[in-house]
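Chemist: My structure is in structure.csv, and what it holds is CSV, C-alpha atoms:
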```
chain,number,residue,atom,x,y,z
H,72,MET,CA,-35.4,0.9,46.0
H,73,ASP,CA,-32.9,-1.8,45.6
H,74,THR,CA,-29.4,-0.7,45.4
H,75,MET,CA,-26.6,-2.3,43.6
H,76,LYS,CA,-23.1,-2.3,44.9
H,77,ARG,CA,-20.5,-1.4,42.4
H,78,HIS,CA,-17.2,-3.0,42.7
H,79,ASP,CA,-14.4,-1.1,41.0
H,80,LYS,CA,-12.3,-3.4,38.9
H,81,ILE,CA,-8.8,-3.3,39.9
H,82,ILE,CA,-6.2,-4.1,37.3
H,83,ILE,CA,-2.8,-5.1,38.7
H,84,ARG,CA,0.0,-4.7,36.3
H,85,LYS,CA,3.0,-6.8,36.9
H,86,LYS,CA,6.2,-4.7,37.0
H,87,VAL,CA,8.5,-5.7,34.2
H,88,SER,CA,11.5,-7.5,35.6
H,89,TRP,CA,15.0,-7.1,34.2
H,90,MET,CA,14.8,-10.9,33.8
H,91,ASP,CA,11.9,-10.6,31.4
H,92,PRO,CA,13.2,-11.9,28.1
H,93,SER,CA,11.1,-9.6,25.9
H,94,ASP,CA,12.3,-6.6,27.8
H,95,PHE,CA,15.9,-7.9,27.6
H,96,ILE,CA,15.6,-8.3,23.8
H,97,TYR,CA,13.9,-5.0,23.3
H,98,LYS,CA,16.2,-2.8,25.4
H,99,ILE,CA,19.5,-4.6,25.1
H,100,ILE,CA,19.8,-7.1,22.3
H,101,ILE,CA,18.2,-4.9,19.5
H,102,PRO,CA,20.3,-1.8,20.3
H,103,CYS,CA,23.4,-3.9,20.4
H,104,LEU,CA,22.5,-5.4,17.0
H,105,ILE,CA,22.3,-1.9,15.7
H,106,TRP,CA,25.4,-0.4,17.3
H,107,LEU,CA,27.9,-3.2,17.3
H,108,PRO,CA,27.9,-4.0,13.6
H,109,GLN,CA,28.2,-0.3,12.8
H,110,GLN,CA,31.4,-0.1,14.9
H,111,VAL,CA,32.8,-3.3,13.3
H,112,ALA,CA,32.2,-2.1,9.8
H,113,GLU,CA,33.7,1.3,10.6
H,114,VAL,CA,36.8,-0.2,12.1
H,115,PHE,CA,37.6,-2.8,9.4
H,116,ARG,CA,36.1,-0.9,6.5
H,117,ALA,CA,35.2,-4.3,5.1
H,118,ARG,CA,33.1,-3.9,1.9
H,119,PRO,CA,31.6,-7.5,1.9
H,120,LEU,CA,30.8,-7.1,5.6
H,121,LYS,CA,29.1,-3.7,5.1
H,122,ARG,CA,27.2,-5.1,2.2
H,123,LEU,CA,25.9,-7.9,4.4
H,124,LEU,CA,25.0,-5.6,7.3
H,125,THR,CA,23.3,-3.2,4.9
H,126,THR,CA,21.1,-6.0,3.6
H,127,LEU,CA,20.1,-6.9,7.2
H,128,GLY,CA,19.2,-3.2,7.8
H,129,LEU,CA,21.8,-2.9,10.6
H,130,VAL,CA,24.0,-0.4,8.8
H,131,SER,CA,22.6,2.6,6.9
H,132,GLN,CA,23.2,2.4,3.2
H,133,ASP,CA,24.3,5.3,1.1
H,134,LYS,CA,21.3,7.6,1.1
H,135,SER,CA,22.2,9.6,-1.9
H,136,ILE,CA,20.7,8.8,-5.2
H,137,THR,CA,23.2,10.9,-7.1
H,138,PRO,CA,25.7,8.1,-8.0
H,139,PHE,CA,22.8,6.3,-9.8
H,140,MET,CA,21.7,9.3,-11.9
H,141,ASN,CA,23.7,8.6,-15.0
H,142,ASP,CA,20.5,8.0,-17.0
H,143,CYS,CA,18.5,10.6,-15.1
H,144,LEU,CA,19.8,14.0,-16.0
H,145,ASN,CA,16.4,15.6,-15.7
H,146,PHE,CA,16.3,15.9,-11.9
H,147,THR,CA,18.5,16.9,-8.9
H,148,SER,CA,18.7,15.3,-5.5
H,149,GLU,CA,18.8,17.0,-2.1
H,150,LYS,CA,19.3,15.0,1.1
H,151,ILE,CA,16.9,16.4,3.8
H,152,SER,CA,17.6,14.0,6.7
H,153,GLU,CA,18.6,10.4,7.3
H,154,GLY,CA,15.4,9.0,5.9
H,155,LEU,CA,14.3,11.8,3.5
H,156,GLU,CA,15.6,12.9,0.1
H,157,LEU,CA,14.0,15.5,-2.2
H,158,ILE,CA,14.1,14.8,-5.9
H,159,GLN,CA,13.4,18.0,-8.0
H,160,ALA,CA,12.6,17.9,-11.7
H,161,LYS,CA,14.7,20.3,-13.7
H,162,LYS,CA,11.7,21.0,-16.0
H,163,ALA,CA,9.0,21.2,-13.3
H,164,VAL,CA,5.3,21.7,-13.9
H,165,THR,CA,4.2,24.9,-12.2
H,166,ASN,CA,1.2,27.1,-12.0
H,167,ASP,CA,1.0,30.9,-12.5
H,168,ALA,CA,2.2,31.4,-8.9
H,169,GLY,CA,5.2,29.2,-9.4
H,170,GLU,CA,3.9,26.4,-7.2
H,171,ARG,CA,5.2,22.9,-8.1
H,172,ARG,CA,3.6,19.4,-7.8
H,173,ILE,CA,5.1,16.7,-5.6
H,174,VAL,CA,4.8,12.9,-5.1
H,175,ILE,CA,5.4,11.8,-1.5
H,176,PHE,CA,7.0,8.4,-2.1
H,177,PHE,CA,7.1,5.9,0.8
H,178,ALA,CA,9.6,3.2,-0.3
H,179,TRP,CA,9.7,-0.4,0.8
H,180,LEU,CA,11.9,-1.5,3.6
H,181,THR,CA,14.9,-2.6,1.6
H,182,ALA,CA,14.7,-0.3,-1.3
H,183,LYS,CA,18.1,0.6,-2.8
H,184,PRO,CA,19.0,3.8,-4.6
H,185,ARG,CA,19.0,2.1,-8.0
H,186,HIS,CA,15.4,1.0,-7.4
H,187,ILE,CA,14.2,4.4,-6.3
H,188,ASN,CA,16.0,5.9,-9.2
H,189,LYS,CA,13.5,4.3,-11.6
H,190,PHE,CA,10.6,5.9,-9.7
H,191,ALA,CA,12.4,9.2,-9.6
H,192,LYS,CA,12.7,9.1,-13.4
H,193,LEU,CA,9.1,8.1,-13.7
H,194,MET,CA,8.0,11.3,-11.9
H,195,ALA,CA,10.7,13.7,-13.2
H,196,ASP,CA,9.8,12.8,-16.8
H,197,LEU,CA,6.5,14.5,-16.2
H,198,GLY,CA,8.0,17.5,-14.4
H,199,LEU,CA,7.1,16.2,-10.9
H,200,ASP,CA,9.1,16.5,-7.7
H,201,MET,CA,9.3,13.5,-5.4
H,202,LEU,CA,10.0,13.3,-1.7
H,203,VAL,CA,11.6,9.9,-1.0
H,204,VAL,CA,10.8,8.5,2.5
H,205,ARG,CA,12.7,5.4,3.6
H,206,LEU,CA,12.7,3.0,6.6
H,207,PHE,CA,14.8,0.1,7.6
H,208,PRO,CA,13.5,-3.3,9.1
H,209,LEU,CA,14.8,-2.7,12.6
H,210,ASP,CA,13.3,0.8,12.6
H,211,ALA,CA,10.0,-0.7,11.7
H,212,MET,CA,10.2,-2.9,14.8
H,213,GLN,CA,10.7,0.1,17.0
H,214,PRO,CA,7.9,2.5,16.2
H,215,SER,CA,8.5,5.1,18.9
H,216,THR,CA,12.2,5.5,18.1
H,217,GLY,CA,12.2,4.4,14.4
H,218,THR,CA,9.0,4.8,12.4
H,219,GLN,CA,7.5,7.8,14.2
H,220,VAL,CA,10.8,9.7,14.1
H,221,VAL,CA,10.8,9.4,10.3
H,222,ALA,CA,7.1,10.3,10.3
H,223,GLU,CA,7.9,13.5,12.3
H,224,GLN,CA,10.7,14.3,9.8
H,225,VAL,CA,8.1,14.1,7.0
H,226,CYS,CA,5.8,16.4,8.9
H,227,ASN,CA,8.6,18.9,9.5
H,228,PHE,CA,9.2,19.0,5.8
H,229,LEU,CA,5.6,19.6,5.0
H,230,ARG,CA,5.4,22.4,7.6
H,231,ARG,CA,8.4,24.2,6.2
H,232,ARG,CA,7.7,23.7,2.5
H,233,LYS,CA,4.1,24.6,1.7
H,234,LEU,CA,4.7,25.9,-1.7
H,235,TYR,CA,3.2,23.0,-3.6
H,236,GLU,CA,0.1,23.3,-5.6
H,237,LYS,CA,-0.8,19.6,-5.6
H,238,TYR,CA,0.3,16.5,-3.7
H,239,LEU,CA,0.1,12.8,-4.5
H,240,VAL,CA,0.9,9.9,-2.1
H,241,PHE,CA,2.7,6.8,-3.3
H,242,GLY,CA,3.2,3.9,-0.9
H,243,CYS,CA,5.1,0.7,-1.6
H,244,SER,CA,4.9,-2.4,0.6
H,245,GLY,CA,5.7,-1.3,4.2
H,246,GLY,CA,5.8,2.3,3.1
H,247,ALA,CA,2.0,2.3,3.3
H,248,TYR,CA,2.3,1.7,7.1
H,249,LEU,CA,4.8,4.6,7.3
H,250,PHE,CA,2.3,6.9,5.5
H,251,CYS,CA,-0.4,5.9,8.1
H,252,GLU,CA,2.0,7.0,10.9
H,253,VAL,CA,2.4,10.4,9.0
H,254,ALA,CA,-1.4,10.6,8.5
H,255,LEU,CA,-2.0,10.2,12.3
H,256,LYS,CA,0.3,13.1,13.0
H,257,VAL,CA,-1.2,15.3,10.2
H,258,HIS,CA,-4.8,14.7,11.2
H,259,SER,CA,-3.9,15.9,14.7
H,260,GLU,CA,-2.8,19.3,13.3
H,261,PRO,CA,-5.8,21.0,11.6
H,262,GLU,CA,-3.6,23.7,10.0
H,263,LEU,CA,-1.2,21.2,8.5
H,264,LYS,CA,-4.1,19.0,7.3
H,265,ARG,CA,-5.6,22.0,5.5
H,266,ALA,CA,-2.3,23.0,4.0
H,267,VAL,CA,-1.3,19.5,2.7
H,268,PHE,CA,-4.0,16.8,2.9
H,269,ASP,CA,-6.7,19.1,1.4
H,270,LYS,CA,-4.4,19.4,-1.7
H,271,VAL,CA,-3.8,15.6,-2.1
H,272,VAL,CA,-5.4,14.7,-5.4
H,273,GLY,CA,-4.7,11.0,-5.3
H,274,GLN,CA,-3.0,8.0,-3.6
H,275,VAL,CA,-1.3,5.0,-5.1
H,276,TYR,CA,-0.4,1.8,-3.2
H,277,ASP,CA,1.8,-0.9,-4.6
H,278,SER,CA,1.7,-4.3,-2.8
H,279,PRO,CA,0.8,-2.7,0.6
H,280,VAL,CA,1.5,-4.9,3.7
H,281,ASP,CA,-1.3,-5.2,6.2
H,282,LEU,CA,-0.8,-5.7,9.9
H,283,ARG,CA,-1.4,-9.4,9.4
H,284,GLY,CA,1.6,-9.6,7.1
H,285,VAL,CA,4.1,-7.7,9.3
H,286,SER,CA,6.1,-10.9,10.3
H,287,VAL,CA,6.1,-12.1,6.8
H,288,GLY,CA,7.2,-8.7,5.5
H,289,ILE,CA,10.1,-8.3,7.9
H,290,ALA,CA,11.3,-11.9,7.3
H,291,HIS,CA,11.4,-11.4,3.5
H,292,SER,CA,13.1,-8.0,3.8
H,293,ILE,CA,15.9,-9.6,5.9
H,294,THR,CA,16.7,-12.8,4.1
H,295,SER,CA,15.7,-15.0,1.1
H,296,SER,CA,16.4,-18.2,3.0
H,297,SER,CA,13.1,-20.0,3.7
H,298,MET,CA,14.5,-21.6,6.9
H,299,LEU,CA,15.6,-18.3,8.3
H,300,GLN,CA,12.4,-16.6,7.2
H,301,CYS,CA,10.4,-19.3,9.2
H,302,TRP,CA,12.5,-18.6,12.3
H,303,ILE,CA,12.2,-14.8,11.9
H,304,ARG,CA,8.4,-15.0,11.4
H,305,SER,CA,8.1,-17.0,14.6
H,306,TYR,CA,10.3,-14.6,16.5
H,307,VAL,CA,8.4,-11.5,15.2
H,308,ASP,CA,5.1,-13.0,16.1
H,309,TRP,CA,6.3,-13.7,19.6
H,310,PHE,CA,7.8,-10.2,19.8
H,311,LEU,CA,4.6,-8.5,18.8
H,312,LYS,CA,2.7,-10.3,21.6
H,313,ALA,CA,5.4,-9.7,24.2
H,314,ARG,CA,5.9,-6.0,23.3
H,315,TYR,CA,2.3,-5.0,22.7
H,316,ASP,CA,2.5,-1.7,24.5
H,317,ALA,CA,5.8,-0.7,23.0
H,318,VAL,CA,5.3,-1.9,19.5
H,319,THR,CA,2.1,-3.7,18.4
H,320,ARG,CA,-0.4,-1.1,19.6
H,321,HIS,CA,1.3,1.4,17.2
H,322,TYR,CA,0.8,-1.0,14.3
H,323,GLU,CA,-2.9,-1.4,15.2
H,324,ARG,CA,-3.4,2.4,15.3
H,325,ALA,CA,-1.8,2.7,11.9
H,326,ALA,CA,-3.9,-0.3,10.5
H,327,GLN,CA,-7.1,1.4,11.7
H,328,GLN,CA,-6.0,4.5,9.9
H,329,MET,CA,-5.5,2.5,6.7
H,330,TYR,CA,-8.9,0.9,7.0
H,331,ARG,CA,-10.5,4.4,7.3
H,332,SER,CA,-8.3,5.6,4.4
H,333,PRO,CA,-5.4,7.9,5.5
H,334,VAL,CA,-6.5,10.7,3.1
H,335,HIS,CA,-9.8,11.2,1.3
H,336,ALA,CA,-8.7,11.1,-2.3
H,337,PRO,CA,-9.1,8.8,-5.3
H,338,CYS,CA,-7.0,5.7,-5.1
H,339,LEU,CA,-5.1,3.2,-7.4
H,340,TYR,CA,-4.0,0.0,-5.8
H,341,LEU,CA,-1.6,-2.4,-7.5
H,342,PHE,CA,-1.0,-6.0,-6.5
H,343,SER,CA,-0.1,-9.4,-7.9
H,344,ASP,CA,-1.7,-12.8,-7.8
H,345,ASN,CA,1.4,-14.5,-6.2
H,346,ASP,CA,2.5,-12.3,-3.3
H,347,PRO,CA,2.3,-13.8,0.2
H,348,MET,CA,3.1,-10.5,1.8
H,349,SER,CA,0.3,-8.6,0.1
H,350,PRO,CA,-2.4,-11.2,-0.7
H,351,GLU,CA,-5.1,-10.4,-3.3
H,352,ASP,CA,-8.0,-11.0,-0.8
H,353,VAL,CA,-6.5,-8.5,1.7
H,354,ASN,CA,-6.1,-5.8,-0.9
H,355,GLU,CA,-9.7,-6.3,-2.1
H,356,GLY,CA,-11.0,-6.3,1.5
H,357,ILE,CA,-9.4,-2.9,2.2
H,358,ALA,CA,-10.7,-1.6,-1.1
H,359,ASN,CA,-14.2,-2.6,-0.2
H,360,LEU,CA,-13.9,-0.7,3.1
H,361,TRP,CA,-12.9,2.4,1.2
H,362,ARG,CA,-15.7,2.0,-1.4
H,363,ASP,CA,-18.2,1.8,1.5
H,364,ARG,CA,-16.8,5.2,2.6
H,365,GLY,CA,-17.5,6.7,-0.8
H,366,LEU,CA,-13.9,6.7,-2.2
H,367,SER,CA,-13.3,6.4,-5.9
H,368,LEU,CA,-10.7,3.7,-6.5
H,369,ARG,CA,-9.7,1.0,-8.9
H,370,GLY,CA,-7.2,-1.8,-8.8
H,371,ARG,CA,-4.8,-3.5,-11.2
H,372,LYS,CA,-3.7,-7.1,-10.7
H,373,PHE,CA,-0.4,-8.2,-12.3
H,374,HIS,CA,0.3,-11.9,-13.0
H,375,HIS,CA,3.5,-13.4,-11.7
H,376,LYS,CA,4.6,-17.0,-12.4
H,377,THR,CA,6.7,-17.2,-9.3
H,378,THR,CA,6.3,-15.9,-5.8
H,379,GLY,CA,7.6,-12.4,-5.2
H,380,HIS,CA,6.9,-9.1,-3.5
H,381,CYS,CA,6.7,-5.6,-5.0
H,382,LEU,CA,7.9,-6.8,-8.4
H,383,ASN,CA,5.2,-5.3,-10.5
H,384,TYR,CA,7.3,-2.4,-11.9
H,385,VAL,CA,10.3,-4.7,-12.5
H,386,THR,CA,8.3,-7.3,-14.3
H,387,TYR,CA,5.9,-5.1,-16.3
H,388,PRO,CA,7.7,-1.7,-16.7
H,389,GLN,CA,5.7,-0.5,-19.7
H,390,GLU,CA,2.3,-1.5,-18.4
H,391,TYR,CA,3.2,-0.2,-14.9
H,392,ARG,CA,4.2,3.2,-16.2
H,393,GLU,CA,1.1,3.5,-18.4
H,394,GLU,CA,-1.1,2.6,-15.4
H,395,ILE,CA,0.5,5.2,-13.2
H,396,TYR,CA,0.3,7.9,-15.8
H,397,LYS,CA,-3.3,7.1,-16.6
H,398,PHE,CA,-4.2,7.6,-12.9
H,399,PHE,CA,-2.3,10.8,-12.8
H,400,VAL,CA,-4.3,12.2,-15.6
H,401,GLU,CA,-7.6,10.9,-14.1
H,402,VAL,CA,-7.1,12.8,-10.9
H,403,GLY,CA,-5.8,16.0,-12.6
H,404,PHE,CA,-2.2,15.7,-11.4
H,405,VAL,CA,-0.8,16.0,-14.9
H,406,ASP,CA,-2.1,16.8,-18.4
H,407,GLN,CA,-2.7,14.1,-21.0
H,408,ALA,CA,-0.6,16.0,-23.5
H,409,ALA,CA,2.4,15.8,-21.2
H,410,VAL,CA,1.9,12.0,-20.8
H,411,ASP,CA,1.6,11.5,-24.5
H,412,GLU,CA,4.9,13.3,-25.1
H,413,VAL,CA,6.7,11.2,-22.5
H,414,LEU,CA,5.3,7.9,-23.8
H,415,LYS,CA,6.3,8.8,-27.4
H,416,ALA,CA,9.9,9.6,-26.3
```
Once you've parsed the file, please lay out its structure as structure tokens.
Modeler:
Amino acid sequence: MDTMKRHDKIIIRKKVSWMDPSDFIYKIIIPCLIWLPQQVAEVFRARPLKRLLTTLGLVSQDKSITPFMNDCLNFTSEKISEGLELIQAKKAVTNDAGERRIVIFFAWLTAKPRHINKFAKLMADLGLDMLVVRLFPLDAMQPSTGTQVVAEQVCNFLRRRKLYEKYLVFGCSGGAYLFCEVALKVHSEPELKRAVFDKVVGQVYDSPVDLRGVSVGIAHSITSSSMLQCWIRSYVDWFLKARYDAVTRHYERAAQQMYRSPVHAPCLYLFSDNDPMSPEDVNEGIANLWRDRGLSLRGRKFHHKTTGHCLNYVTYPQEYREEIYKFFVEVGFVDQAAVDEVLKA
């Protein structure tokens, strides 16, 4: 009998040199970009400077929603951690056991308190709690020390507070990616999955950003200058290739989780016809993958005359609210009577 010689394939990995530019940027430049502006702003207490650095995501903005609650006296706010805040409705919907209902809201990268305040009111009007989860652009570019840290904070919250009757997931823009990181962790813990994901009655995604739109998303979240956006996109594309092991592979795992559906529950996806960060064909492509897996879902497309991202609620507040509430009723998250009362007010 003829024998075949097997030659083991030897893979030689080149040791990263301290002269490697990608390693230099990742380990030195980015940490400096985060640390140095914080120190400058702290020393000079310059409001314009802090406003600029906050826009760039280099300095943490005020995490509290309380200053923006003048028109929202129907909920209270509790800061859980740097990236988490719990909004609790004063007139909460509960079952006979006193269990409440909560929306886990994954905000977009540059969401400000006044923006989230609108969503908090949207939920609190129906007696729903909301866990706000936020992420900054530079954190999104460092999954192991940014995104996954926030994802673990979400899991810690879910482990400690299991007194909710029903859950609903709401992801905006890059928040959909953050939820996928949370889902990866939850699926690895059967007990937590049974306690939380088995109680998720629905999922909503507004202008989700796919892996193919990461560079566009980060560029638009940092600046509105088209010239700077072009430069940032080129840099991020190069960065993703150079830092595959440290960064890109995490994005790919999260993207695969999204394509499989992070949680098996009915879905509402909202998008526009003029959004380069969340194109219509990408949304429909992911929706078809979910339909093939037997998920119940429907989409709503909003028309925008100009290019923009995640502007559906701002542009069409009444239609947006009605669409969200309609879905809540469809999945049994709230009663139709409660929705009718709020819409009449």
Chemist: Between atom CA of H:Val405 and atom CA of H:His186, what is the distance, to one decimal in Å?
Modeler: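 So the two atoms, atom CA of H:Val405 and atom CA of H:His186, lie 23.3 Å apart.
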Chemist: Suppose you want the space between atom CA of H:Asp308 and atom CA of H:Val253; what is it in Å?
Modeler: 24.6 Å
Chemist: Taking into account all atoms listed in the file, which residue in the set H:Val267, H:Val275, H:Leu382, H:Leu366 is nearest to H:Lys397?
Modeler: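 Ranked by minimum distance to H:Lys397, first place goes to H:Val275.
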Chemist: Could you check how far atom CA of H:Arg371 sits from atom CA of H:Tyr340, in Å to one decimal?
Modeler: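 Between atom CA of H:Arg371 and atom CA of H:Tyr340 the gap works out to 6.5 Å.
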Chemist: So, counting all atoms listed in the file, which residue among H:Val240, H:Leu229, H:Leu193, H:Val204 is closest to H:Glu394?
Modeler: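 Closest residue, counting all atoms listed in the file: H:Leu193.
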Chemist: Given all atoms listed in the file as the basis, pick out the residue of H:Glu170, H:Glu156, H:Glu351, H:Glu252 nearest to H:Asn188.
Modeler: H:Glu156
Chemist: Restricting the calculation to all atoms listed in the file: of H:Arg172, H:Lys192, H:His321, H:Lys183, which residue gets closest to H:Tyr238?
Modeler: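 Among the listed residues, the smallest separation from H:Tyr238 belongs to H:Arg172.
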Chemist: Counting only C-alpha atoms, give me one row per residue of stretch 132-224 of chain H with an atom at most 12 Å from an atom of stretch 282-305 of chain H, showing the shortest contact pair and its distance in Å to one decimal, sorted by chain then residue number, as JSON lines.
Modeler:
```
{"residue": "H:Trp179", "atom": "CA", "partner": "H:Ser292", "partner_atom": "CA", "distance": 8.8}
{"residue": "H:Leu180", "atom": "CA", "partner": "H:Ser292", "partner_atom": "CA", "distance": 6.6}
{"residue": "H:Thr181", "atom": "CA", "partner": "H:Ser292", "partner_atom": "CA", "distance": 6.1}
{"residue": "H:Ala182", "atom": "CA", "partner": "H:Ser292", "partner_atom": "CA", "distance": 9.4}
{"residue": "H:Lys183", "atom": "CA", "partner": "H:Ser292", "partner_atom": "CA", "distance": 11.9}
{"residue": "H:Leu206", "atom": "CA", "partner": "H:Ser292", "partner_atom": "CA", "distance": 11.4}
{"residue": "H:Phe207", "atom": "CA", "partner": "H:Ser292", "partner_atom": "CA", "distance": 9.1}
{"residue": "H:Pro208", "atom": "CA", "partner": "H:Ile289", "partner_atom": "CA", "distance": 6.2}
{"residue": "H:Leu209", "atom": "CA", "partner": "H:Ile289", "partner_atom": "CA", "distance": 8.7}
{"residue": "H:Asp210", "atom": "CA", "partner": "H:Ile289", "partner_atom": "CA", "distance": 10.7}
{"residue": "H:Ala211", "atom": "CA", "partner": "H:Ile289", "partner_atom": "CA", "distance": 8.5}
{"residue": "H:Met212", "atom": "CA", "partner": "H:Ile289", "partner_atom": "CA", "distance": 8.8}
```
Chemist: Please save C-alpha atoms of the selected residues as a compact mmCIF listing (two decimals), in the coordinates of the input.
Modeler:
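Done, and the output landed in result03.txt:
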```txt
# COMPACT_ATOMS: atom_id res chain seq x y z
CA TRP H 179 9.70 -0.40 0.80
CA LEU H 180 11.90 -1.50 3.60
CA THR H 181 14.90 -2.60 1.60
CA ALA H 182 14.70 -0.30 -1.30
CA LYS H 183 18.10 0.60 -2.80
CA LEU H 206 12.70 3.00 6.60
CA PHE H 207 14.80 0.10 7.60
CA PRO H 208 13.50 -3.30 9.10
CA LEU H 209 14.80 -2.70 12.60
CA ASP H 210 13.30 0.80 12.60
CA ALA H 211 10.00 -0.70 11.70
CA MET H 212 10.20 -2.90 14.80
```
Chemist: Taking only C-alpha atoms into account, which of H:Phe404, H:Ser152, H:Arg314, H:Ala254 comes nearest H:Arg171?
Modeler: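 Of the candidates, the smallest distance to H:Arg171 is held by H:Phe404.
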Chemist: Closest to H:Asp167 among H:Asp363, H:Asn383, H:Ser259, H:Glu236, using all atoms listed in the file?
Modeler: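 Closest to H:Asp167, using all atoms listed in the file: H:Glu236.
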Chemist: Report as a PyMOL selection string all protein, DNA and RNA residues lying within 9 Å of H:Gln327, evaluated on all atoms listed in the file, omitting residues in the same chain fewer than 5 positions from it.
Modeler: chain H and resi 251+322+332
Chemist: Would you mind listing what lies within 6 Å of H:Ile175 as a list of chain:residue names, with only C-alpha atoms counted and same-chain residues fewer than 5 positions away left out?
Modeler: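 Everything that qualifies: H:Met201, H:Leu202, H:Val240, H:Phe241.
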Chemist: Counting only C-alpha atoms, which residues have an atom no more than 12 Å from (4.9, 17.1, -23.6) in the file's coordinates? Please list them as a PDB file with C-alpha atoms, keeping the file's coordinate frame.
Modeler:
```pdb
ATOM      1  CA  LYS H 162      11.700  21.000 -16.000  1.00  0.00           C
ATOM      2  CA  ALA H 163       9.000  21.200 -13.300  1.00  0.00           C
ATOM      3  CA  VAL H 164       5.300  21.700 -13.900  1.00  0.00           C
ATOM      4  CA  ASP H 196       9.800  12.800 -16.800  1.00  0.00           C
ATOM      5  CA  LEU H 197       6.500  14.500 -16.200  1.00  0.00           C
ATOM      6  CA  GLY H 198       8.000  17.500 -14.400  1.00  0.00           C
ATOM      7  CA  VAL H 405      -0.800  16.000 -14.900  1.00  0.00           C
ATOM      8  CA  ASP H 406      -2.100  16.800 -18.400  1.00  0.00           C
ATOM      9  CA  GLN H 407      -2.700  14.100 -21.000  1.00  0.00           C
ATOM     10  CA  ALA H 408      -0.600  16.000 -23.500  1.00  0.00           C
ATOM     11  CA  ALA H 409       2.400  15.800 -21.200  1.00  0.00           C
ATOM     12  CA  VAL H 410       1.900  12.000 -20.800  1.00  0.00           C
ATOM     13  CA  ASP H 411       1.600  11.500 -24.500  1.00  0.00           C
ATOM     14  CA  GLU H 412       4.900  13.300 -25.100  1.00  0.00           C
ATOM     15  CA  VAL H 413       6.700  11.200 -22.500  1.00  0.00           C
ATOM     16  CA  LEU H 414       5.300   7.900 -23.800  1.00  0.00           C
ATOM     17  CA  LYS H 415       6.300   8.800 -27.400  1.00  0.00           C
ATOM     18  CA  ALA H 416       9.900   9.600 -26.300  1.00  0.00           C
TER      19      ALA H 416
END
```
Chemist: Within 10 Å of H:Ser244, counting all atoms listed in the file, which residues qualify if same-chain residues fewer than 3 places away don't, as a VMD selection string?
Modeler: chain H and resid 177 to 180 247 to 249 276 to 281 288 342 348 to 349 380 to 381
Chemist: Near H:Val318, counting all atoms listed in the file, which residues have an atom at most 8 Å away, once you skip same-chain residues fewer than 6 positions from it, shown as a CSV table (one decimal) with C-alpha atoms, in the frame of the given file?
Modeler:
```csv
chain,number,residue,atom,x,y,z
H,212,MET,CA,10.2,-2.9,14.8
H,213,GLN,CA,10.7,0.1,17.0
H,214,PRO,CA,7.9,2.5,16.2
H,215,SER,CA,8.5,5.1,18.9
H,311,LEU,CA,4.6,-8.5,18.8
```
